[in-house]
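Everything on this sheet refers to the single structure shown next.
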2 protein chains.
Amino acid sequence: MSKIKETSTNFANKQALADECPEAYAANIIGGQWALVICSWLFNGKLRFGELRKLLPNITERMLTLQLRKLEEHKIVKRTVYAEVPPRVEYELTAIGYELKPIIKQLEEWGAKHKAQNIK
Amino acid sequence: MSKIKETSTNFANKQALADECPEAYAANIIGGQWALVICSWLFNGKLRFGELRKLLPNITERMLTLQLRKLEEHKIVKRTVYAEVPPRVEYELTAIGYELKPIIKQLEEWGAKHKAQNIK
DNA sequence: CTCATTACTTACATTTTTTATAGTACCTTA
DNA sequence: TAAGGTACTATAAAAAATGTAAGTAATGAG
């Protein structure tokens, strides 16, 4: 997140994978440390920057900004700025972003099941 | 991939997230650069190390090893070594690993749809 | 004896991601 | 005049992930 080096092997590999594997392409989009959790909260409706920050107690403002920007860039979330003082900015999922809901829900169920199996 | 620093903020954050969000927990497990693609190939049946390497032309042996080890550690794949020379090692999905199939398939579909929307 | 095969391992370098800390602009209220 | 709230940005550093290149063990074929 920040500038990526478009001459690196890593970049080339990601491109190649994303080209031929839609699942890798998807993983690149929703693959940050906090992206899935941000989306999970947004499934319930729009939230302000500060609300998200409170919901994710350990996230730094910088990371929250970066992840939101990335999600916005990929058209997963929509950002709306209200010209008020103090500023108000709301984030909400787009249609395609909302379509992740069932997938993430299943991933949640799988995760819970896996955890239950492996913890004991 | 190698030693993680258990005193880092990053480690603490991952732990905390994984504790309360099964989707983050799941993402940690299947979240390497190549993990999803490896699983995708294994959905069709067991494969040898060398076969996987050929299917993933750009992966290095080191990365393939690391990702397989991680998947094995999390009981997503099962590793079987045949005491032959030259050695033969086969990888196959476990039951819980196989349960990822429908989820990854949906993620693929989502990815393809998203790509179609955003490329034009 | 030498070479080929297979599935790795190791040491090291580079790139990417995440965290830490300190600002900024704007207006409102006290 | 000063403080406060909101949503950021800039810069640096730490940590994690990935890549590069070389080497290993065992054995059978030639």
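Chain labels run A, B, ... following the order of the structure tokens; each chain numbers its residues from 1, and ligands are numbered from 1 in the order shown.
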- Compute the set of chain C residues within 8 Å of chain A, using only C-alpha atoms (C1' of nucleotides), and express it as an MDAnalysis selection string. chainID C and resid 15:19 26:28
- Task: Select from region 15-95 of chain A everything DSSP, run on the backbone, classes as helix (DSSP H, G or I), then give the selection as a PyMOL selection string.
- Result: chain A and resi 15-20+22-29+35-42+49-55+61-73+95
Those same residues, written as a PDB file, in the first residue's frame with C-alpha atoms?
ATOM      1  CA  GLN A  15      -0.465  -9.556 -12.229  1.00  0.00           C
ATOM      2  CA  ALA A  16      -0.041 -12.922 -13.891  1.00  0.00           C
ATOM      3  CA  LEU A  17      -1.987 -14.714 -11.207  1.00  0.00           C
ATOM      4  CA  ALA A  18      -4.760 -12.155 -11.182  1.00  0.00           C
ATOM      5  CA  ASP A  19      -4.976 -12.423 -14.949  1.00  0.00           C
ATOM      6  CA  GLU A  20      -5.695 -16.096 -15.025  1.00  0.00           C
ATOM      7  CA  PRO A  22     -10.207 -14.683 -10.626  1.00  0.00           C
ATOM      8  CA  GLU A  23      -9.847 -15.929  -7.070  1.00  0.00           C
ATOM      9  CA  ALA A  24      -6.350 -14.454  -6.872  1.00  0.00           C
ATOM     10  CA  TYR A  25      -7.675 -11.267  -8.435  1.00  0.00           C
ATOM     11  CA  ALA A  26     -10.345 -11.115  -5.749  1.00  0.00           C
ATOM     12  CA  ALA A  27      -7.852 -11.850  -3.010  1.00  0.00           C
ATOM     13  CA  ASN A  28      -5.754  -8.899  -4.106  1.00  0.00           C
ATOM     14  CA  ILE A  29      -8.729  -6.615  -3.698  1.00  0.00           C
ATOM     15  CA  ALA A  35     -10.352  -5.070   4.553  1.00  0.00           C
ATOM     16  CA  LEU A  36     -12.620  -7.999   5.316  1.00  0.00           C
ATOM     17  CA  VAL A  37     -13.494  -6.674   8.732  1.00  0.00           C
ATOM     18  CA  ILE A  38     -14.246  -3.223   7.382  1.00  0.00           C
ATOM     19  CA  CYS A  39     -16.552  -4.771   4.808  1.00  0.00           C
ATOM     20  CA  SER A  40     -18.221  -6.851   7.499  1.00  0.00           C
ATOM     21  CA  TRP A  41     -19.122  -3.754   9.453  1.00  0.00           C
ATOM     22  CA  LEU A  42     -20.330  -1.975   6.356  1.00  0.00           C
ATOM     23  CA  PHE A  49     -14.651   7.377   9.401  1.00  0.00           C
ATOM     24  CA  GLY A  50     -14.656   7.945  13.136  1.00  0.00           C
ATOM     25  CA  GLU A  51     -17.236   5.241  13.714  1.00  0.00           C
ATOM     26  CA  LEU A  52     -15.142   2.715  11.877  1.00  0.00           C
ATOM     27  CA  ARG A  53     -12.127   3.754  13.875  1.00  0.00           C
ATOM     28  CA  LYS A  54     -13.986   3.104  17.087  1.00  0.00           C
ATOM     29  CA  LEU A  55     -15.206  -0.263  15.865  1.00  0.00           C
ATOM     30  CA  GLU A  61      -5.888   6.227  11.254  1.00  0.00           C
ATOM     31  CA  ARG A  62      -3.375   5.795   8.508  1.00  0.00           C
ATOM     32  CA  MET A  63      -4.238   2.142   7.962  1.00  0.00           C
ATOM     33  CA  LEU A  64      -7.931   2.859   8.030  1.00  0.00           C
ATOM     34  CA  THR A  65      -7.428   5.545   5.428  1.00  0.00           C
ATOM     35  CA  LEU A  66      -5.277   3.317   3.246  1.00  0.00           C
ATOM     36  CA  GLN A  67      -7.663   0.414   3.333  1.00  0.00           C
ATOM     37  CA  LEU A  68     -10.671   2.579   2.671  1.00  0.00           C
ATOM     38  CA  ARG A  69      -8.881   4.225  -0.231  1.00  0.00           C
ATOM     39  CA  LYS A  70      -8.003   0.879  -1.698  1.00  0.00           C
ATOM     40  CA  LEU A  71     -11.551  -0.370  -1.338  1.00  0.00           C
ATOM     41  CA  GLU A  72     -12.810   2.832  -2.876  1.00  0.00           C
ATOM     42  CA  GLU A  73     -10.381   2.562  -5.769  1.00  0.00           C
ATOM     43  CA  ALA A  95     -23.571  -3.025  -5.239  1.00  0.00           C
TER      44      ALA A  95
END
- Message: I need the strand (DSSP E or B) residues of region 27-88 of chain B per DSSP on the backbone, written as a VMD selection string.
- Response: chain B and resid 47 to 48 77 to 82 88
Residues of chain D that approach chain A to 12 Å or less, counting only C-alpha atoms (C1' of nucleotides): could you list each one with the shortest pair of atoms and its distance in Å to one decimal, rows by chain and increasing residue number, as a Markdown table?
| residue | atom | partner | partner_atom | distance |
| --- | --- | --- | --- | --- |
| D:DG4 | C1' | A:Pro86 | CA | 9.9 |
| D:DG5 | C1' | A:Pro86 | CA | 6.2 |
| D:DT6 | C1' | A:Pro86 | CA | 5.1 |
| D:DA7 | C1' | A:Pro87 | CA | 6.5 |
| D:DC8 | C1' | A:Thr65 | CA | 7.8 |
| D:DT9 | C1' | A:Arg62 | CA | 8.6 |
| D:DA10 | C1' | A:Arg62 | CA | 10.6 |
| D:DA16 | C1' | A:Gln33 | CA | 11.9 |
| D:DA17 | C1' | A:Asn10 | CA | 10.0 |
| D:DT18 | C1' | A:Asn10 | CA | 6.8 |
| D:DG19 | C1' | A:Thr9 | CA | 7.3 |
| D:DT20 | C1' | A:Thr9 | CA | 10.7 |
- Query: Closest to Gly45 (chain A) among A:Leu100, A:Glu92, A:Ala116, A:Glu109, using only C-alpha atoms?
  - Reply: A:Glu92
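Among the candidate residues B:Tyr91, B:Lys78, B:Asn13, B:Thr7, the one lying nearest to chain A is B:Asn13, with distances computed using only C-alpha atoms.
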- Task: Mind giving me the straight-line distance from CA of Ile96 (chain B) to CA of Asn44 (chain B) in Å, one decimal?
- Result: 15.1 Å
